[in-house]
>>> print(open('protein-v4.cif').read())   # mmCIF, C-alpha atoms
data_data
#
loop_
_atom_site.group_PDB
_atom_site.id
_atom_site.type_symbol
_atom_site.label_atom_id
_atom_site.label_comp_id
_atom_site.auth_asym_id
_atom_site.auth_seq_id
_atom_site.Cartn_x
_atom_site.Cartn_y
_atom_site.Cartn_z
ATOM 1 C CA MET K 1 19.073 -1.802 36.536
ATOM 2 C CA ALA K 2 21.528 -4.223 34.915
ATOM 3 C CA ALA K 3 25.207 -3.377 35.154
ATOM 4 C CA PRO K 4 27.025 -3.367 31.820
ATOM 5 C CA VAL K 5 29.911 -5.819 31.791
ATOM 6 C CA LEU K 6 32.599 -6.368 29.200
ATOM 7 C CA ALA K 7 34.087 -9.860 29.541
ATOM 8 C CA ILE K 8 37.369 -10.009 27.632
ATOM 9 C CA THR K 9 38.471 -13.542 26.866
ATOM 10 C CA GLY K 10 40.859 -15.389 24.613
ATOM 11 C CA PRO K 11 43.746 -17.834 24.548
ATOM 12 C CA GLY K 12 47.074 -17.348 26.263
ATOM 13 C CA GLY K 13 49.269 -14.820 24.534
ATOM 14 C CA VAL K 14 46.467 -12.978 22.797
ATOM 15 C CA GLY K 15 46.816 -9.927 25.032
ATOM 16 C CA LYS K 16 43.768 -10.012 27.285
ATOM 17 C CA THR K 17 45.267 -8.259 30.278
ATOM 18 C CA THR K 18 47.126 -5.653 28.233
ATOM 19 C CA VAL K 19 44.023 -4.841 26.223
ATOM 20 C CA ALA K 20 41.826 -4.763 29.332
ATOM 21 C CA PHE K 21 44.185 -2.293 30.985
ATOM 22 C CA GLU K 22 44.050 -0.137 27.860
ATOM 23 C CA VAL K 23 40.244 -0.285 27.828
ATOM 24 C CA SER K 24 40.287 0.735 31.498
ATOM 25 C CA ARG K 25 42.749 3.551 30.790
ATOM 26 C CA ARG K 26 40.562 4.885 28.001
ATOM 27 C CA LEU K 27 37.406 4.707 30.090
ATOM 28 C CA GLU K 28 39.169 6.550 32.889
ATOM 29 C CA ALA K 29 40.402 9.202 30.474
ATOM 30 C CA SER K 30 36.822 9.689 29.317
ATOM 31 C CA GLY K 31 35.487 9.886 32.849
ATOM 32 C CA VAL K 32 33.539 6.626 32.572
ATOM 33 C CA GLY K 33 33.250 5.011 35.994
ATOM 34 C CA HIS K 34 34.135 1.335 36.007
ATOM 35 C CA ALA K 35 35.969 -1.451 37.797
ATOM 36 C CA LEU K 36 38.426 -3.945 36.326
ATOM 37 C CA ILE K 37 38.501 -7.537 37.560
ATOM 38 C CA ASP K 38 41.078 -10.090 36.411
ATOM 39 C CA THR K 39 39.459 -13.456 37.043
ATOM 40 C CA ASP K 40 42.796 -15.202 36.759
ATOM 41 C CA GLU K 41 43.683 -13.596 40.081
ATOM 42 C CA LEU K 42 40.647 -15.052 41.842
ATOM 43 C CA ASP K 43 41.834 -18.641 42.159
ATOM 44 C CA ARG K 44 45.491 -18.399 43.058
ATOM 45 C CA LEU K 45 45.326 -20.955 45.832
ATOM 46 C CA PHE K 46 47.405 -24.047 46.425
ATOM 47 C CA PRO K 47 46.461 -26.719 47.088
ATOM 48 C CA PRO K 48 42.988 -26.435 45.588
ATOM 49 C CA PRO K 49 40.046 -27.341 47.816
ATOM 50 C CA SER K 50 39.427 -31.080 47.771
ATOM 51 C CA ASP K 51 35.782 -30.547 46.871
ATOM 52 C CA ASP K 52 36.608 -27.947 44.204
ATOM 53 C CA PRO K 53 39.766 -29.138 42.444
ATOM 54 C CA ARG K 54 39.227 -26.863 39.458
ATOM 55 C CA LYS K 55 38.603 -23.960 41.839
ATOM 56 C CA THR K 56 35.496 -22.943 39.941
ATOM 57 C CA LYS K 57 33.422 -22.504 43.091
ATOM 58 C CA LEU K 58 36.216 -20.551 44.730
ATOM 59 C CA THR K 59 36.469 -18.233 41.731
ATOM 60 C CA ALA K 60 32.716 -17.663 41.773
ATOM 61 C CA ARG K 61 32.719 -16.804 45.481
ATOM 62 C CA ASN K 62 35.642 -14.453 45.082
ATOM 63 C CA LEU K 63 34.072 -12.856 42.028
ATOM 64 C CA ALA K 64 30.826 -12.283 43.926
ATOM 65 C CA ALA K 65 32.710 -10.714 46.827
ATOM 66 C CA VAL K 66 34.840 -8.438 44.663
ATOM 67 C CA TRP K 67 31.829 -7.539 42.572
ATOM 68 C CA ALA K 68 29.795 -6.571 45.626
ATOM 69 C CA ASN K 69 32.615 -4.449 46.963
ATOM 70 C CA PHE K 70 33.057 -2.607 43.678
ATOM 71 C CA ARG K 71 29.322 -2.073 43.380
ATOM 72 C CA ALA K 72 29.165 -0.680 46.907
ATOM 73 C CA ALA K 73 32.028 1.626 45.989
ATOM 74 C CA GLY K 74 30.002 3.005 43.113
ATOM 75 C CA ALA K 75 31.240 1.162 40.029
ATOM 76 C CA ALA K 76 28.389 1.160 37.531
ATOM 77 C CA ARG K 77 30.299 -0.723 34.857
ATOM 78 C CA ARG K 78 32.723 -3.590 35.051
ATOM 79 C CA VAL K 79 35.367 -5.013 32.798
ATOM 80 C CA ILE K 80 36.202 -8.657 33.456
ATOM 81 C CA VAL K 81 39.247 -10.205 31.882
ATOM 82 C CA GLY K 82 40.278 -13.828 31.952
ATOM 83 C CA VAL K 83 40.475 -17.084 30.077
ATOM 84 C CA MET K 84 36.778 -17.859 29.910
ATOM 85 C CA LEU K 85 36.464 -19.991 26.878
ATOM 86 C CA CYS K 86 33.712 -22.447 27.554
ATOM 87 C CA LEU K 87 30.974 -19.890 27.992
ATOM 88 C CA ASP K 88 28.231 -22.474 28.296
ATOM 89 C CA ARG K 89 29.944 -23.667 31.472
ATOM 90 C CA GLU K 90 31.414 -20.450 32.785
ATOM 91 C CA LEU K 91 28.830 -17.777 32.056
ATOM 92 C CA PRO K 92 26.193 -19.337 34.340
ATOM 93 C CA TYR K 93 28.392 -19.078 37.405
ATOM 94 C CA ILE K 94 29.510 -15.597 36.438
ATOM 95 C CA GLU K 95 25.885 -14.578 36.113
ATOM 96 C CA THR K 96 25.154 -16.209 39.457
ATOM 97 C CA ALA K 97 28.018 -14.377 41.102
ATOM 98 C CA VAL K 98 26.976 -11.102 39.497
ATOM 99 C CA PRO K 99 23.204 -11.351 39.075
ATOM 100 C CA ASP K 100 22.817 -7.759 37.934
ATOM 101 C CA ALA K 101 25.190 -8.178 35.003
ATOM 102 C CA ASP K 102 24.449 -7.500 31.355
ATOM 103 C CA VAL K 103 27.461 -9.277 29.897
ATOM 104 C CA THR K 104 28.992 -8.606 26.497
ATOM 105 C CA VAL K 105 31.653 -11.203 25.743
ATOM 106 C CA ILE K 106 34.624 -10.057 23.714
ATOM 107 C CA ARG K 107 36.880 -12.837 22.460
ATOM 108 C CA LEU K 108 40.295 -11.693 21.317
ATOM 109 C CA HIS K 109 41.749 -13.551 18.382
ATOM 110 C CA ALA K 110 45.192 -13.796 16.852
ATOM 111 C CA THR K 111 46.607 -16.102 14.253
ATOM 112 C CA GLU K 112 48.167 -19.269 15.608
ATOM 113 C CA GLU K 113 51.508 -18.141 14.218
ATOM 114 C CA GLU K 114 51.320 -14.867 16.085
ATOM 115 C CA LEU K 115 50.188 -16.491 19.320
ATOM 116 C CA LEU K 116 53.119 -18.888 19.223
ATOM 117 C CA GLU K 117 55.504 -16.044 18.439
ATOM 118 C CA ARG K 118 54.202 -13.950 21.332
ATOM 119 C CA VAL K 119 54.362 -16.871 23.745
ATOM 120 C CA TRP K 120 57.863 -17.723 22.534
ATOM 121 C CA ARG K 121 59.053 -14.193 23.191
ATOM 122 C CA ARG K 122 57.696 -14.408 26.695
ATOM 123 C CA GLY K 123 59.960 -17.366 27.351
ATOM 124 C CA TRP K 124 57.258 -19.869 28.122
ATOM 125 C CA PHE K 125 58.672 -22.692 26.038
ATOM 126 C CA GLY K 126 60.805 -25.092 27.983
ATOM 127 C CA ARG K 127 59.181 -24.125 31.239
ATOM 128 C CA ARG K 128 55.509 -24.626 30.654
ATOM 129 C CA SER K 129 52.940 -25.647 28.131
ATOM 130 C CA PRO K 130 53.486 -24.022 24.733
ATOM 131 C CA ASN K 131 50.045 -22.521 25.081
ATOM 132 C CA PRO K 132 49.830 -21.041 28.587
ATOM 133 C CA GLU K 133 47.460 -18.390 29.805
ATOM 134 C CA GLY K 134 50.187 -15.801 29.756
ATOM 135 C CA VAL K 135 49.572 -12.314 28.608
ATOM 136 C CA LEU K 136 50.924 -10.269 25.777
ATOM 137 C CA SER K 137 53.060 -7.247 26.491
ATOM 138 C CA VAL K 138 52.616 -4.743 23.732
ATOM 139 C CA ALA K 139 53.430 -1.116 23.304
ATOM 140 C CA ARG K 140 50.743 1.432 24.122
ATOM 141 C CA ASP K 141 52.103 4.047 21.787
ATOM 142 C CA GLY K 142 50.232 2.931 18.717
ATOM 143 C CA SER K 143 52.910 0.575 17.505
ATOM 144 C CA ARG K 144 51.929 -2.822 16.274
ATOM 145 C CA ALA K 145 50.852 -5.501 18.708
ATOM 146 C CA ARG K 146 54.248 -7.098 18.946
ATOM 147 C CA GLU K 147 56.811 -6.983 21.697
ATOM 148 C CA MET C 148 38.893 -19.953 34.450
ATOM 149 C CA ARG C 149 42.204 -20.924 32.981
ATOM 150 C CA GLU C 150 41.464 -23.769 30.685
ATOM 151 C CA MET C 151 42.850 -23.448 27.248
ATOM 152 C CA ASP C 152 40.652 -23.882 24.256
ATOM 153 C CA GLN C 153 41.187 -22.370 20.878
ATOM 154 C CA GLU C 154 37.592 -22.821 19.794
ATOM 155 C CA PRO C 155 35.604 -19.620 19.464
ATOM 156 C CA ALA C 156 33.175 -19.031 22.278
ATOM 157 C CA ASN C 157 29.541 -18.947 21.333
ATOM 158 C CA ASP C 158 27.815 -15.591 21.328
ATOM 159 C CA ALA C 159 31.080 -13.702 21.647
ATOM 160 C CA LEU C 160 32.157 -10.694 19.657
ATOM 161 C CA ILE C 161 35.404 -11.644 17.956
ATOM 162 C CA VAL C 162 38.071 -8.934 17.924
ATOM 163 C CA GLU C 163 41.209 -9.491 15.868
ATOM 164 C CA THR C 164 44.512 -8.538 17.499
ATOM 165 C CA SER C 165 47.023 -9.662 14.889
ATOM 166 C CA GLU C 166 48.936 -6.804 13.316
ATOM 167 C CA ARG C 167 46.976 -4.248 15.314
ATOM 168 C CA SER C 168 47.950 -1.930 18.115
ATOM 169 C CA VAL C 169 46.606 -2.241 21.632
ATOM 170 C CA ALA C 170 44.948 1.142 21.174
ATOM 171 C CA GLU C 171 43.117 -0.037 18.073
ATOM 172 C CA VAL C 172 41.921 -3.195 19.780
ATOM 173 C CA ALA C 173 40.775 -1.369 22.912
ATOM 174 C CA SER C 174 38.935 1.207 20.839
ATOM 175 C CA GLU C 175 37.093 -1.496 18.924
ATOM 176 C CA ILE C 176 36.117 -3.280 22.134
ATOM 177 C CA ILE C 177 34.646 -0.125 23.617
ATOM 178 C CA ARG C 178 32.829 0.710 20.406
ATOM 179 C CA ARG C 179 31.427 -2.757 19.769
ATOM 180 C CA GLY C 180 30.508 -3.141 23.414
ATOM 181 C CA GLY C 181 28.440 -0.006 23.098
ATOM 182 C CA TRP C 182 30.259 1.724 25.918
ATOM 183 C CA PRO C 183 30.913 5.451 26.035
ATOM 184 C CA ALA C 184 34.485 6.655 25.810
#
>>> encode(input="protein-v4.cif", output="structure tokens")
Amino acid sequence: MAAPVLAITGPGGVGKTTVAFEVSRRLEASGVGHALIDTDELDRLFPPPSDDPRKTKLTARNLAAVWANFRAAGAARRVIVGVMLCLDRELPYIETAVPDADVTVIRLHATEEELLERVWRRGWFGRRSPNPEGVLSVARDGSRARE
Amino acid sequence: MREMDQEPANDALIVETSERSVAEVASEIIRRGGWPA
């Protein structure tokens, strides 16, 4: 039986991690068993392997391992969050790593103006690219999605 | 997994976050994903 997967993607600053944690919180509150995997945490290695400079293979191996562990622990559903924007390239290795997955891709969107504003507030400018894969910190009390 | 690209991904459900709360966005994701909650 295929495992339902929500893959939450989007550009830096759009709020992927914050939203994924809120999805997870809501599922937990409703008693829906699930696991949450942040793919951005699966390739934090320096230096990258010489035969895998983009660390794609490493991410796939780590994803497969984490996936198997969560499945063995009883997680029937999974939420994956990360910057997965070229789905033609990235979905195949996700599906290889998690062959039982029935993936629904959710792409978060914000206006360019709002993305830049969010990234600016996070202090990225001057230190990194103006469009990093940072996350949005937003209130969870129903207030608007602004810091 | 970290490359930046503003182009919409094919076959993805697009969820707007501008001027919306995290709760609203999460609720829409769960609903449109067809998950219980």
>>> resolve_selection(input="protein-v4.cif", expression="the PyMOL selection byres ((chain K and resi 55-68) around 10)", output="PyMOL selection string")
(chain K and resi 35-54+69-75+78+80+90+93-99) or (chain C and resi 148-149)
>>> write_last_selection(input="protein-v4.cif", atoms="C-alpha atoms", output="PDB file, keeping the file's coordinate frame")
ATOM      1  CA  ALA K  35      35.969  -1.451  37.797  1.00  0.00           C
ATOM      2  CA  LEU K  36      38.426  -3.945  36.326  1.00  0.00           C
ATOM      3  CA  ILE K  37      38.501  -7.537  37.560  1.00  0.00           C
ATOM      4  CA  ASP K  38      41.078 -10.090  36.411  1.00  0.00           C
ATOM      5  CA  THR K  39      39.459 -13.456  37.043  1.00  0.00           C
ATOM      6  CA  ASP K  40      42.796 -15.202  36.759  1.00  0.00           C
ATOM      7  CA  GLU K  41      43.683 -13.596  40.081  1.00  0.00           C
ATOM      8  CA  LEU K  42      40.647 -15.052  41.842  1.00  0.00           C
ATOM      9  CA  ASP K  43      41.834 -18.641  42.159  1.00  0.00           C
ATOM     10  CA  ARG K  44      45.491 -18.399  43.058  1.00  0.00           C
ATOM     11  CA  LEU K  45      45.326 -20.955  45.832  1.00  0.00           C
ATOM     12  CA  PHE K  46      47.405 -24.047  46.425  1.00  0.00           C
ATOM     13  CA  PRO K  47      46.461 -26.719  47.088  1.00  0.00           C
ATOM     14  CA  PRO K  48      42.988 -26.435  45.588  1.00  0.00           C
ATOM     15  CA  PRO K  49      40.046 -27.341  47.816  1.00  0.00           C
ATOM     16  CA  SER K  50      39.427 -31.080  47.771  1.00  0.00           C
ATOM     17  CA  ASP K  51      35.782 -30.547  46.871  1.00  0.00           C
ATOM     18  CA  ASP K  52      36.608 -27.947  44.204  1.00  0.00           C
ATOM     19  CA  PRO K  53      39.766 -29.138  42.444  1.00  0.00           C
ATOM     20  CA  ARG K  54      39.227 -26.863  39.458  1.00  0.00           C
ATOM     21  CA  ASN K  69      32.615  -4.449  46.963  1.00  0.00           C
ATOM     22  CA  PHE K  70      33.057  -2.607  43.678  1.00  0.00           C
ATOM     23  CA  ARG K  71      29.322  -2.073  43.380  1.00  0.00           C
ATOM     24  CA  ALA K  72      29.165  -0.680  46.907  1.00  0.00           C
ATOM     25  CA  ALA K  73      32.028   1.626  45.989  1.00  0.00           C
ATOM     26  CA  GLY K  74      30.002   3.005  43.113  1.00  0.00           C
ATOM     27  CA  ALA K  75      31.240   1.162  40.029  1.00  0.00           C
ATOM     28  CA  ARG K  78      32.723  -3.590  35.051  1.00  0.00           C
ATOM     29  CA  ILE K  80      36.202  -8.657  33.456  1.00  0.00           C
ATOM     30  CA  GLU K  90      31.414 -20.450  32.785  1.00  0.00           C
ATOM     31  CA  TYR K  93      28.392 -19.078  37.405  1.00  0.00           C
ATOM     32  CA  ILE K  94      29.510 -15.597  36.438  1.00  0.00           C
ATOM     33  CA  GLU K  95      25.885 -14.578  36.113  1.00  0.00           C
ATOM     34  CA  THR K  96      25.154 -16.209  39.457  1.00  0.00           C
ATOM     35  CA  ALA K  97      28.018 -14.377  41.102  1.00  0.00           C
ATOM     36  CA  VAL K  98      26.976 -11.102  39.497  1.00  0.00           C
ATOM     37  CA  PRO K  99      23.204 -11.351  39.075  1.00  0.00           C
TER      38      PRO K  99
ATOM     39  CA  MET C 148      38.893 -19.953  34.450  1.00  0.00           C
ATOM     40  CA  ARG C 149      42.204 -20.924  32.981  1.00  0.00           C
TER      41      ARG C 149
END
>>> interface_residues(input="protein-v4.cif", of="chain C", to="chain K", cutoff="6 Å", atoms="all atoms listed in the file", output="ChimeraX atom specification")
/C:148-149,156,159-169,173,184
>>> atom_distance(input="protein-v4.cif", atom1="CA of Leu91 in chain K", atom2="CA of Asp158 in chain C")
11.0 Å
>>> atom_distance(input="protein-v4.cif", atom1="CA of Glu117 in chain K", atom2="CA of Ser174 in chain C")
24.0 Å
>>> atom_distance(input="protein-v4.cif", atom1="CA of Ala101 in chain K", atom2="CA of Ala2 in chain K")
5.4 Å
